[in-house]
>>> print(open('start06.txt').read())   # compact mmCIF, C-alpha atoms
# COMPACT_ATOMS: atom_id res chain seq x y z
CA GLY A 566 -14.19 7.94 6.73
CA GLU A 567 -12.05 5.17 8.14
CA ASN A 568 -9.16 6.00 10.46
CA VAL A 569 -6.44 3.46 11.20
CA GLU A 570 -3.98 3.97 14.03
CA GLN A 571 -0.84 1.84 14.23
CA HIS A 572 1.62 1.38 17.09
CA PRO A 573 4.48 1.39 17.71
CA SER A 574 6.11 3.47 14.99
CA THR A 575 9.45 1.75 15.65
CA LEU A 576 10.10 -1.66 17.16
CA SER A 577 13.55 -3.00 17.89
CA VAL A 578 14.00 -6.64 18.92
CA GLN A 579 16.72 -9.23 19.22
CA GLU A 580 16.80 -12.11 16.78
CA GLY A 581 14.61 -14.91 18.08
CA ASP A 582 12.31 -12.63 20.06
CA SER A 583 8.67 -12.05 19.21
CA ALA A 584 7.32 -8.82 17.77
CA VAL A 585 3.79 -7.47 18.08
CA ILE A 586 2.32 -4.59 16.10
CA LYS A 587 -1.12 -3.24 16.96
CA CYS A 588 -3.71 -1.37 14.94
CA THR A 589 -7.10 0.10 15.69
CA TYR A 590 -9.78 1.13 13.23
CA SER A 591 -12.80 3.38 13.51
CA ASP A 592 -15.35 2.13 10.97
CA SER A 593 -17.28 -0.84 12.32
CA ALA A 594 -18.27 -1.73 8.74
CA SER A 595 -14.66 -2.57 7.84
CA ASN A 596 -14.35 -6.29 7.26
CA TYR A 597 -11.02 -6.94 5.62
CA PHE A 598 -7.66 -6.34 7.28
CA PRO A 599 -4.46 -6.97 5.32
CA TRP A 600 -0.89 -6.58 6.53
CA TYR A 601 1.89 -5.49 4.20
CA LYS A 602 5.66 -5.69 4.51
CA GLN A 603 7.70 -3.07 2.70
CA GLU A 604 11.47 -3.23 2.44
CA LEU A 605 13.35 -0.02 1.75
CA GLY A 606 12.62 1.34 -1.72
CA LYS A 607 10.48 -1.65 -2.67
CA ARG A 608 6.81 -2.41 -3.16
CA PRO A 609 4.52 -3.38 -0.29
CA GLN A 610 4.00 -7.13 -0.16
CA LEU A 611 0.90 -8.72 1.34
CA ILE A 612 2.04 -11.07 4.10
CA ILE A 613 -1.19 -12.04 5.80
CA ASP A 614 -4.79 -10.89 5.99
CA ILE A 615 -7.88 -11.57 8.03
CA ARG A 616 -11.59 -11.12 7.51
CA SER A 617 -14.12 -10.07 10.09
CA ASN A 618 -15.66 -13.51 10.36
CA VAL A 619 -12.41 -14.90 11.77
CA GLY A 620 -10.71 -14.08 15.05
CA GLU A 621 -7.25 -15.40 14.33
CA LYS A 622 -5.16 -16.59 11.42
CA LYS A 623 -1.70 -18.07 11.38
CA ASP A 624 0.88 -18.67 8.68
CA GLN A 625 4.11 -20.21 9.97
CA ARG A 626 5.80 -17.55 12.11
CA ILE A 627 3.19 -14.89 11.40
CA ALA A 628 -0.22 -14.59 13.00
CA VAL A 629 -2.93 -11.96 13.02
CA THR A 630 -5.67 -11.53 15.59
CA LEU A 631 -8.85 -9.49 15.28
CA ASN A 632 -11.14 -8.16 17.99
CA LYS A 633 -14.20 -6.75 16.24
CA THR A 634 -15.80 -5.51 19.42
CA ALA A 635 -12.80 -3.43 20.36
CA LYS A 636 -12.01 -2.65 16.71
CA HIS A 637 -8.40 -3.63 16.91
CA PHE A 638 -6.16 -6.16 15.20
CA SER A 639 -2.58 -7.20 15.73
CA LEU A 640 0.31 -8.77 13.87
CA HIS A 641 2.47 -11.27 15.74
CA ILE A 642 5.83 -12.42 14.45
CA THR A 643 7.57 -15.19 16.38
CA GLU A 644 11.22 -16.23 16.24
CA THR A 645 12.16 -13.04 14.44
CA GLN A 646 15.02 -13.08 11.96
CA PRO A 647 17.11 -10.21 10.54
CA GLU A 648 15.31 -10.58 7.22
CA ASP A 649 12.07 -9.67 8.98
CA SER A 650 13.46 -6.13 9.29
CA ALA A 651 11.19 -3.87 7.24
CA VAL A 652 8.28 -1.46 7.56
CA TYR A 653 4.95 -3.15 8.25
CA PHE A 654 1.64 -1.53 7.38
CA CYS A 655 -1.78 -2.55 8.57
CA ALA A 656 -4.88 -1.60 6.61
CA ALA A 657 -8.64 -1.79 6.89
CA SER A 658 -11.24 -1.87 4.15
CA LYS A 659 -14.82 -2.86 3.59
CA GLY A 660 -16.81 -4.66 0.95
CA GLY A 661 -17.92 -2.80 -2.11
CA SER A 662 -14.95 -0.62 -2.85
CA TYR A 663 -12.36 -2.53 -0.78
CA ILE A 664 -10.21 0.58 -0.87
CA PRO A 665 -7.84 0.20 2.09
CA THR A 666 -6.96 2.83 4.62
CA PHE A 667 -3.39 2.29 5.76
CA GLY A 668 -1.83 2.76 9.15
CA ARG A 669 1.29 4.90 9.47
CA GLY A 670 3.62 1.92 9.48
CA THR A 671 5.94 0.26 11.98
CA SER A 672 9.64 0.05 11.33
CA LEU A 673 10.74 -3.33 12.68
CA ILE A 674 14.44 -3.78 13.33
CA VAL A 675 15.70 -7.25 14.20
CA HIS A 676 19.20 -7.25 15.61
CA PRO A 677 21.31 -10.36 14.94
CA GLY B 332 0.62 -14.55 -11.09
CA ALA B 333 -0.78 -11.02 -10.48
CA VAL B 334 2.34 -9.08 -11.39
CA VAL B 335 2.31 -5.30 -11.68
CA SER B 336 5.14 -3.35 -13.25
CA GLN B 337 5.93 0.34 -13.24
CA HIS B 338 8.09 2.43 -15.50
CA PRO B 339 10.33 4.24 -14.98
CA SER B 340 11.66 3.08 -11.64
CA ARG B 341 13.45 6.35 -11.12
CA VAL B 342 13.19 9.75 -12.81
CA ILE B 343 14.86 13.09 -12.27
CA CYS B 344 13.41 16.12 -13.97
CA LYS B 345 13.66 19.88 -13.95
CA SER B 346 11.07 22.05 -12.29
CA GLY B 347 8.25 22.95 -14.67
CA THR B 348 8.45 19.84 -16.81
CA SER B 349 5.91 17.02 -16.96
CA VAL B 350 6.61 13.41 -16.12
CA LYS B 351 4.62 10.34 -17.11
CA ILE B 352 4.63 7.15 -15.05
CA GLU B 353 3.23 3.91 -16.45
CA CYS B 354 1.63 1.12 -14.47
CA ARG B 355 0.99 -2.22 -16.15
CA SER B 356 -0.65 -5.43 -15.07
CA LEU B 357 1.37 -8.16 -16.77
CA ASP B 358 -0.71 -11.29 -16.32
CA PHE B 359 -4.21 -10.17 -15.47
CA GLN B 360 -6.78 -7.63 -16.52
CA ALA B 361 -6.83 -4.76 -14.08
CA THR B 362 -10.32 -3.37 -13.90
CA THR B 363 -9.27 -0.99 -11.16
CA MET B 364 -5.94 0.69 -10.57
CA PHE B 365 -4.87 2.86 -7.68
CA TRP B 366 -2.18 5.51 -7.41
CA TYR B 367 -0.42 6.18 -4.12
CA ARG B 368 2.15 8.65 -2.99
CA GLN B 369 4.62 7.87 -0.24
CA PHE B 370 6.95 10.30 1.48
CA PRO B 371 10.05 9.02 3.30
CA LYS B 372 9.17 7.07 6.43
CA GLN B 373 5.49 7.72 5.93
CA SER B 374 2.47 5.72 4.96
CA LEU B 375 0.85 5.19 1.59
CA MET B 376 -1.49 8.02 0.72
CA LEU B 377 -4.13 7.20 -1.87
CA MET B 378 -4.21 9.81 -4.62
CA ALA B 379 -6.84 8.42 -6.97
CA THR B 380 -8.73 5.36 -8.10
CA SER B 381 -9.22 4.65 -11.77
CA ASN B 382 -11.46 2.21 -13.55
CA GLU B 383 -10.79 1.21 -17.12
CA GLY B 384 -12.53 3.49 -19.57
CA SER B 385 -13.80 6.02 -17.06
CA LYS B 386 -12.50 9.11 -15.31
CA ALA B 387 -10.40 8.71 -12.22
CA THR B 388 -11.79 9.44 -8.79
CA TYR B 389 -9.42 11.70 -6.90
CA GLU B 390 -9.03 11.86 -3.15
CA GLN B 391 -9.70 15.09 -1.36
CA GLY B 392 -6.80 17.49 -1.67
CA VAL B 393 -5.32 15.93 -4.79
CA GLU B 394 -5.29 18.30 -7.76
CA LYS B 395 -6.72 16.48 -10.75
CA ASP B 396 -5.25 18.99 -13.20
CA LYS B 397 -1.80 18.44 -11.79
CA PHE B 398 -1.92 14.67 -11.51
CA LEU B 399 -3.50 13.42 -14.72
CA ILE B 400 -4.55 9.80 -14.67
CA ASN B 401 -5.49 7.78 -17.71
CA HIS B 402 -6.68 4.17 -17.57
CA ALA B 403 -7.17 3.53 -21.26
CA SER B 404 -6.88 -0.24 -21.25
CA LEU B 405 -7.31 -3.16 -18.89
CA THR B 406 -3.55 -3.49 -18.51
CA LEU B 407 -2.28 0.09 -18.47
CA SER B 408 -2.77 3.17 -16.37
CA THR B 409 -0.63 6.29 -16.52
CA LEU B 410 -0.01 9.08 -14.07
CA THR B 411 1.30 12.35 -15.48
CA VAL B 412 2.69 14.89 -13.05
CA THR B 413 2.29 18.19 -14.88
CA SER B 414 4.50 21.21 -14.28
CA ALA B 415 6.40 19.34 -11.61
CA HIS B 416 7.89 21.21 -8.67
CA PRO B 417 10.35 20.08 -5.98
CA GLU B 418 7.49 19.45 -3.54
CA ASP B 419 6.19 16.80 -5.95
CA SER B 420 9.31 14.75 -5.31
CA SER B 421 8.12 11.50 -3.82
CA PHE B 422 7.77 7.74 -4.27
CA TYR B 423 4.75 7.00 -6.45
CA ILE B 424 3.29 3.49 -6.29
CA CYS B 425 0.47 2.02 -8.30
CA SER B 426 -1.59 -1.01 -7.47
CA ALA B 427 -4.15 -2.99 -9.38
CA ARG B 428 -6.86 -5.52 -8.90
CA GLY B 429 -8.87 -7.59 -11.33
CA GLU B 430 -12.26 -9.24 -11.40
CA ASP B 431 -10.67 -12.62 -11.94
CA LEU B 432 -8.71 -12.20 -8.73
CA ARG B 433 -9.72 -11.54 -5.15
CA LEU B 434 -11.55 -8.23 -5.17
CA ASP B 435 -10.27 -7.33 -1.73
CA THR B 436 -6.61 -7.68 -2.69
CA GLN B 437 -4.41 -5.12 -4.38
CA TYR B 438 -1.18 -5.99 -6.15
CA PHE B 439 1.42 -3.29 -5.96
CA GLY B 440 3.91 -2.12 -8.53
CA PRO B 441 7.57 -1.59 -7.58
CA GLY B 442 7.18 2.18 -7.37
CA THR B 443 8.71 5.18 -9.13
CA ARG B 444 11.06 7.54 -7.35
CA LEU B 445 10.48 11.06 -8.70
CA THR B 446 13.00 13.79 -7.97
CA VAL B 447 12.25 17.30 -9.19
CA LEU B 448 15.21 19.65 -9.22
>>> encode(input="start06.txt", output="structure tokens")
Amino acid sequence: GENVEQHPSTLSVQEGDSAVIKCTYSDSASNYFPWYKQELGKRPQLIIDIRSNVGEKKDQRIAVTLNKTAKHFSLHITETQPEDSAVYFCAASKGGSYIPTFGRGTSLIVHP
Amino acid sequence: GAVVSQHPSRVICKSGTSVKIECRSLDFQATTMFWYRQFPKQSLMLMATSNEGSKATYEQGVEKDKFLINHASLTLSTLTVTSAHPEDSSFYICSARGEDLRLDTQYFGPGTRLTVL
């Protein structure tokens, strides 16, 4: 089955800095890669996603890049703000079932 | 649109009792619902996938007789933790997707915090 590795487990940055979270996946058939943000005790919220036919996608301060050859994808957050503090999960899934396999999560702490 | 609710949000029960958690899609028909379990500071672990009107498909290692899942309608799925024990204490989250929505996207409920004394 699919295996998703996520790094780092904890990321501490100063407000205004950039943050990068990296994930690798094992199943070359995976073609959909969502990123979720989960605040403490709340539901995961989809913040951005990318499909395998695209190498990069951007939405305001958030961007995701995908390298299919290397089987890794990354989340980039620019100009971080304290409200960006949360746990971020990457996931990988493939057509048919589209059942995602989640990474272990990255706790992002943005210091004011 | 695509709102999923869960009830209760928090439940405390005694060891040996059963607890039922409801997951509802409020504004779409959920052909597939998923149940996850999340321990503190850990990832989401898929427990089972259920399709309306059919038996749930459980992930390896999940006891189907302990975690009973019913998906009787297109808007409701229930998870019953039978004979709960302290090790069942966890955050349980459901998610749903519908044929009228993007098939690759899941919409999560707010979660249920279960504490077994």
>>> closest_residue(input="start06.txt", among="A:Arg616, A:His641, A:His676, A:Arg608", to="chain B", atoms="all atoms listed in the file")
A:Arg608
>>> residues_around(input="start06.txt", residues="region 651-658 of chain A", least_positions_apart="6", cutoff="6 Å", atoms="all atoms listed in the file", output="list in words")
Ser595, Tyr597, Phe598, Pro599, Trp600, Tyr601, Lys602, Gln603, Glu604, Ile664, Pro665, Thr666, Phe667, Gly668, Gly670, Thr671, Ser672 and Leu673 of chain A
>>> closest_residue(input="start06.txt", among="B:Gly392, B:Gly347, B:Pro417, B:Pro371", to="chain A", atoms="all atoms listed in the file")
B:Pro371
>>> residues_around(input="start06.txt", residues="region 351-356 of chain B", least_positions_apart="4", cutoff="10 Å", atoms="only C-alpha atoms", output="PyMOL selection string")
chain B and resi 333-342+360-362+364-366+398-402+404-413+423-429+438-443+445
>>> residues_around(input="start06.txt", residues="Pro573 (chain A)", least_positions_apart="2", cutoff="8 Å", atoms="all atoms listed in the file", output="PyMOL selection string")
chain A and resi 571+575-576+586-587+671
>>> atom_distance(input="start06.txt", atom1="CA of Pro677 (chain A)", atom2="CA of Glu580 (chain A)")
5.2 Å
>>> atom_distance(input="start06.txt", atom1="CA of Asn596 (chain A)", atom2="CA of Asp614 (chain A)")
10.7 Å
>>> residues_around(input="start06.txt", residues="Gln646 (chain A)", least_positions_apart="5", cutoff="10 Å", atoms="all atoms listed in the file", output="NGL selection string")
:A and (578-583 or 674-677)
>>> write_last_selection(input="start06.txt", atoms="C-alpha atoms", output="PDB file, keeping the file's coordinate frame")
ATOM      1  CA  VAL A 578      14.000  -6.640  18.920  1.00  0.00           C
ATOM      2  CA  GLN A 579      16.720  -9.230  19.220  1.00  0.00           C
ATOM      3  CA  GLU A 580      16.800 -12.110  16.780  1.00  0.00           C
ATOM      4  CA  GLY A 581      14.610 -14.910  18.080  1.00  0.00           C
ATOM      5  CA  ASP A 582      12.310 -12.630  20.060  1.00  0.00           C
ATOM      6  CA  SER A 583       8.670 -12.050  19.210  1.00  0.00           C
ATOM      7  CA  ILE A 674      14.440  -3.780  13.330  1.00  0.00           C
ATOM      8  CA  VAL A 675      15.700  -7.250  14.200  1.00  0.00           C
ATOM      9  CA  HIS A 676      19.200  -7.250  15.610  1.00  0.00           C
ATOM     10  CA  PRO A 677      21.310 -10.360  14.940  1.00  0.00           C
TER      11      PRO A 677
END
>>> residues_near_point(input="start06.txt", point="(-1.3, -15.1, 16.1)", cutoff="12 Å", atoms="all atoms listed in the file", output="list of chain:residue names")
A:Ser583, A:Ala584, A:Val585, A:Ile586, A:Lys587, A:Ile613, A:Asp614, A:Ile615, A:Val619, A:Gly620, A:Glu621, A:Lys622, A:Lys623, A:Asp624, A:Gln625, A:Arg626, A:Ile627, A:Ala628, A:Val629, A:Thr630, A:Leu631, A:Phe638, A:Ser639, A:Leu640, A:His641, A:Ile642, A:Thr643
>>> atom_distance(input="start06.txt", atom1="CA of Ser385 (chain B)", atom2="CA of Ser349 (chain B)")
22.6 Å
>>> closest_residue(input="start06.txt", among="B:Glu390, B:Glu430, B:Asp396, B:Asp435", to="Ala415 (chain B)", atoms="only C-alpha atoms")
B:Asp396
>>> residues_near_point(input="start06.txt", point="(9.1, 10.9, -6.8)", cutoff="6 Å", atoms="only C-alpha atoms", output="PyMOL selection string")
chain B and resi 420-423+444-446
>>> closest_residue(input="start06.txt", among="B:Tyr367, B:Gln373, B:Cys344, B:Glu418", to="chain A", atoms="only C-alpha atoms")
B:Gln373
>>> closest_residue(input="start06.txt", among="A:Ile612, A:Asp649, A:Lys636, A:Lys607", to="Cys588 (chain A)", atoms="all atoms listed in the file")
A:Lys636
>>> closest_residue(input="start06.txt", among="B:Ser381, B:Thr388, B:Thr436, B:Thr348", to="chain A", atoms="only C-alpha atoms")
B:Thr436
>>> residues_around(input="start06.txt", residues="Asp592 (chain A)", least_positions_apart="5", cutoff="8 Å", atoms="all atoms listed in the file", output="ChimeraX atom specification")
/A:566-568
>>> write_last_selection(input="start06.txt", atoms="C-alpha atoms", output="PDB file, in the coordinates of the input")
ATOM      1  CA  GLY A 566     -14.190   7.940   6.730  1.00  0.00           C
ATOM      2  CA  GLU A 567     -12.050   5.170   8.140  1.00  0.00           C
ATOM      3  CA  ASN A 568      -9.160   6.000  10.460  1.00  0.00           C
TER       4      ASN A 568
END
